[in-house]
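The data block below is data_10.cif; it holds mmCIF, C-alpha atoms.
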data_coords
#
loop_
_atom_site.label_atom_id
_atom_site.label_comp_id
_atom_site.auth_asym_id
_atom_site.auth_seq_id
_atom_site.Cartn_x
_atom_site.Cartn_y
_atom_site.Cartn_z
CA MET A 54 0.00 0.00 0.00
CA GLU A 55 1.29 3.43 -0.95
CA LEU A 56 1.79 6.12 1.70
CA GLU A 57 -1.08 8.27 0.35
CA GLU A 58 -3.46 5.27 0.59
CA LYS A 59 -2.33 4.53 4.14
CA ILE A 60 -2.91 8.18 5.11
CA GLY A 61 -6.33 8.11 3.44
CA ASN A 62 -7.31 5.04 5.45
CA LEU A 63 -6.13 6.64 8.70
CA LEU A 64 -8.04 9.86 7.96
CA LYS A 65 -11.23 7.93 7.10
CA THR A 66 -10.96 5.68 10.16
CA LYS A 67 -10.47 8.67 12.47
CA HIS A 68 -13.09 10.81 10.65
CA LEU A 69 -10.54 13.59 10.01
CA THR A 70 -10.08 15.98 7.09
CA VAL A 71 -6.86 17.29 5.55
CA SER A 72 -5.68 20.28 3.52
CA THR A 73 -2.36 21.36 2.04
CA ALA A 74 -0.37 24.60 1.91
CA GLU A 75 2.39 24.16 -0.63
CA SER A 76 5.10 26.44 -1.90
CA CYS A 77 8.04 24.58 -3.49
CA THR A 78 5.99 21.39 -4.02
CA GLY A 79 3.52 23.30 -6.19
CA GLY A 80 0.45 21.19 -5.44
CA SER A 81 2.18 17.80 -5.73
CA ILE A 82 1.06 16.72 -2.24
CA ALA A 83 -2.57 17.58 -2.97
CA ALA A 84 -2.32 15.77 -6.31
CA LEU A 85 -1.02 12.62 -4.62
CA LEU A 86 -3.63 12.71 -1.83
CA THR A 87 -6.45 13.18 -4.34
CA SER A 88 -5.14 10.39 -6.61
CA VAL A 89 -6.68 7.92 -4.13
CA PRO A 90 -10.26 6.87 -5.00
CA GLY A 91 -12.68 8.21 -2.38
CA SER A 92 -10.30 10.94 -1.23
CA SER A 93 -13.12 13.50 -1.46
CA GLU A 94 -14.24 12.08 1.91
CA TYR A 95 -11.21 13.56 3.67
CA VAL A 96 -9.39 16.08 1.39
CA ASN A 97 -10.95 19.56 1.57
CA GLY A 98 -8.47 21.36 -0.68
CA GLY A 99 -5.07 22.89 -1.05
CA ILE A 100 -3.41 26.26 -1.53
CA VAL A 101 -0.31 26.69 -3.67
CA ALA A 102 1.28 29.65 -1.90
CA TYR A 103 4.28 30.36 -4.11
CA SER A 104 4.42 34.09 -3.37
CA ASN A 105 4.77 35.72 0.03
CA GLU A 106 1.58 37.68 -0.72
CA VAL A 107 -0.42 34.44 -0.95
CA LYS A 108 1.29 33.11 2.19
CA MET A 109 0.18 36.27 4.03
CA ASN A 110 -3.26 36.87 2.46
CA LEU A 111 -4.63 33.31 2.25
CA LEU A 112 -2.69 31.50 4.98
CA GLY A 113 -2.20 34.28 7.53
CA VAL A 114 1.60 34.11 7.65
CA SER A 115 2.72 37.33 9.33
CA SER A 116 4.88 39.82 7.45
CA GLU A 117 7.05 39.93 10.58
CA THR A 118 7.71 36.17 10.36
CA LEU A 119 8.66 36.48 6.69
CA ALA A 120 10.90 39.50 7.33
CA THR A 121 12.62 37.93 10.34
CA HIS A 122 12.92 34.27 9.33
CA GLY A 123 12.24 34.20 5.57
CA ALA A 124 9.77 32.14 3.56
CA VAL A 125 11.95 29.04 3.96
CA SER A 126 11.81 28.61 7.73
CA GLN A 127 10.25 26.52 10.45
CA GLU A 128 8.29 29.53 11.68
CA THR A 129 6.77 30.13 8.23
CA VAL A 130 5.66 26.51 7.61
CA ILE A 131 4.11 26.34 11.07
CA GLU A 132 2.07 29.46 10.30
CA MET A 133 1.23 28.02 6.86
CA VAL A 134 -0.05 24.72 8.29
CA LYS A 135 -2.19 26.54 10.87
CA GLY A 136 -3.50 28.85 8.17
CA ALA A 137 -4.42 25.93 5.90
CA MET A 138 -6.45 24.26 8.67
CA LYS A 139 -8.21 27.54 9.44
CA THR A 140 -8.86 28.71 5.86
CA LEU A 141 -9.84 25.29 4.49
CA LYS A 142 -11.58 24.18 7.71
CA THR A 143 -9.74 20.89 8.23
CA ASP A 144 -8.58 18.84 11.20
CA CYS A 145 -5.12 18.25 9.70
CA ALA A 146 -2.78 19.87 7.18
CA VAL A 147 0.69 19.72 5.68
CA ALA A 148 2.83 22.66 4.52
CA THR A 149 6.06 23.00 2.56
CA SER A 150 8.35 25.91 1.76
CA GLY A 151 11.78 25.50 0.28
CA ILE A 152 14.34 26.06 -2.43
CA ALA A 153 13.80 23.44 -5.13
CA GLY A 154 16.55 24.83 -7.37
CA PRO A 155 18.57 24.87 -9.41
CA GLY A 156 18.98 28.55 -8.43
CA GLY A 157 17.83 30.59 -5.46
CA GLY A 158 20.04 29.05 -2.80
CA THR A 159 22.12 31.03 -0.32
CA PRO A 160 24.96 29.97 2.01
CA ASP A 161 22.41 29.86 4.89
CA LYS A 162 19.71 28.13 2.84
CA PRO A 163 21.30 26.15 0.01
CA VAL A 164 19.28 24.59 -2.83
CA GLY A 165 17.46 21.54 -1.48
CA THR A 166 16.56 23.17 1.84
CA VAL A 167 12.86 22.59 2.51
CA TRP A 168 10.92 23.18 5.70
CA ILE A 169 7.91 20.89 6.19
CA ALA A 170 5.18 20.95 8.83
CA ALA A 171 2.28 18.63 9.53
CA ALA A 172 -0.54 19.28 11.95
CA CYS A 173 -3.57 17.51 13.33
CA LYS A 174 -5.76 19.57 15.64
CA ASP A 175 -3.37 21.14 18.18
CA GLU A 176 -0.37 18.92 17.47
CA ILE A 177 2.26 20.22 15.03
CA ILE A 178 5.52 18.60 13.98
CA SER A 179 8.09 19.96 11.56
CA MET A 180 11.35 19.01 9.92
CA LYS A 181 14.09 20.51 7.80
CA GLN A 182 14.98 18.65 4.62
CA GLU A 183 18.49 19.21 3.33
CA GLY A 184 20.62 18.03 0.42
CA ASP A 185 20.26 18.89 -3.26
CA GLU A 186 18.91 16.08 -5.43
CA GLY A 187 18.02 18.34 -8.37
CA ARG A 188 14.73 20.22 -8.69
CA THR A 189 12.56 17.15 -9.36
CA GLY A 190 14.31 15.09 -6.69
CA ASN A 191 14.02 17.86 -4.10
CA VAL A 192 10.28 18.18 -4.74
CA GLN A 193 9.68 14.41 -4.71
CA LYS A 194 11.62 14.05 -1.45
CA ALA A 195 9.63 16.91 0.13
CA VAL A 196 6.32 15.30 -0.90
CA LYS A 197 7.37 11.97 0.63
CA ASN A 198 8.65 13.65 3.83
CA ALA A 199 5.45 15.70 4.19
CA LEU A 200 3.25 12.61 3.86
CA SER A 201 5.51 10.71 6.26
CA LEU A 202 5.18 13.48 8.87
CA LEU A 203 1.40 13.46 8.48
CA GLY A 204 1.37 9.67 8.79
CA GLU A 205 3.41 9.93 12.00
CA LEU A 206 0.85 12.29 13.50
CA LEU A 207 -2.10 10.12 12.47
CA GLU A 208 -0.62 6.94 13.94
#

Kindly return the structure encoded in the file as structure tokens.
Amino acid sequence: MELEEKIGNLLKTKHLTVSTAESCTGGSIAALLTSVPGSSEYVNGGIVAYSNEVKMNLLGVSSETLATHGAVSQETVIEMVKGAMKTLKTDCAVATSGIAGPGGGTPDKPVGTVWIAAACKDEIISMKQEGDEGRTGNVQKAVKNALSLLGELLE
């Protein structure tokens, strides 16, 4: 059984809903979750928040957080995941923000750096993904890590 099917079963069993707030993954997590037949029972929707304006206006990420920590930070993805649950009215959510590459990296945040958060109700966990595996590889790894974090919370 694939990870997205396992998560779907857990969400259905626990009568929970999920949403996504994605930056560098561009909707790939939502696409994978909704590829499962019957996923309309537990997936409410997703927001691709590529710009800081969308992060602020739709997900409620504070301009102070973005100015202080940057879009690619633990603080930002935690605000994104909370915003997704609030805006899309779900019990759980996942959020990603990172530098997929090949450009855009800095010494502090090299290409391949992705912050990921998962939340269910009041519980939030996050992780920092590092290591450049090329744009496609970085995105695929972030999708898998985001679903794994959500799975951890649901179990």

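Using only C-alpha atoms for every distance, the candidate list A:Ala199, A:Val164, A:Val192, A:Val125 yields A:Ala199 as the residue closest to A:Leu86.
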
A:Thr140, A:Pro90, A:Lys67, A:Ser81 ranked by distance to A:Met109, top pick (using all atoms listed in the file): A:Thr140

Best match for closeness to A:Thr143 among A:Leu207, A:Ala102, A:Val96, A:Leu119, counting all atoms listed in the file: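 Using all atoms listed in the file, A:Thr143 sits closest to A:Val96.
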
Atom-to-atom span, atom CA of A:Cys77 and atom CA of A:Met138, Å: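 Straight-line distance from atom CA of A:Cys77 to atom CA of A:Met138 works out to 18.9 Å.
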
Selection result for the PyMOL selection byres ((chain A and resi 174-184) around 10) on this file, as a ChimeraX atom specification: /A:69,125-128,130-131,134-135,138,143-152,162-173,185-187,190-191,194-195,198-199,202-203,205-206

Nearest candidate to A:Val89 (options A:Glu55, A:Ala74, A:Thr66, A:Ala120; using all atoms listed in the file):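 Using all atoms listed in the file, A:Val89 sits closest to A:Glu55.
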
Residue among A:Val196, A:Val101, A:Ala84, A:Ala137 lying closest to A:Val114, counting only C-alpha atoms: A:Ala137

One-decimal distance in Å that lies between atom CA of A:Arg188 and atom CA of A:Gly156: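 Between atom CA of A:Gly156 and atom CA of A:Arg188 the gap works out to 9.4 Å.
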
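For the pair atom CA of A:Tyr103 and atom CA of A:Thr118, the separation is 16.0 Å.
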
Of the listed residues A:Leu111, A:Gln193, A:Tyr95, A:Glu117, that which approaches A:Lys139 most closely, counting only C-alpha atoms: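 That would be A:Leu111, the residue with the smallest distance to A:Lys139.
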
Contact residues around A:Ser104 with only C-alpha atoms at 8 Å, ignoring same-chain residues under 3 positions, as number ranges by chain: A: 76, 107-108

Print the selection's residues with C-alpha atoms to a file, as a JSON list (two decimals), in the coordinates of the input.
[["chain", "number", "residue", "atom", "x", "y", "z"],
["A", 76, "SER", "CA", 5.10, 26.44, -1.90],
["A", 107, "VAL", "CA", -0.42, 34.44, -0.95],
["A", 108, "LYS", "CA", 1.29, 33.11, 2.19]]

Output check: residues returned by the PyMOL selection byres ((chain A and resi 58) around 12), as number ranges by chain: A: 54-57, 59-65, 85-92, 95, 200-201, 204
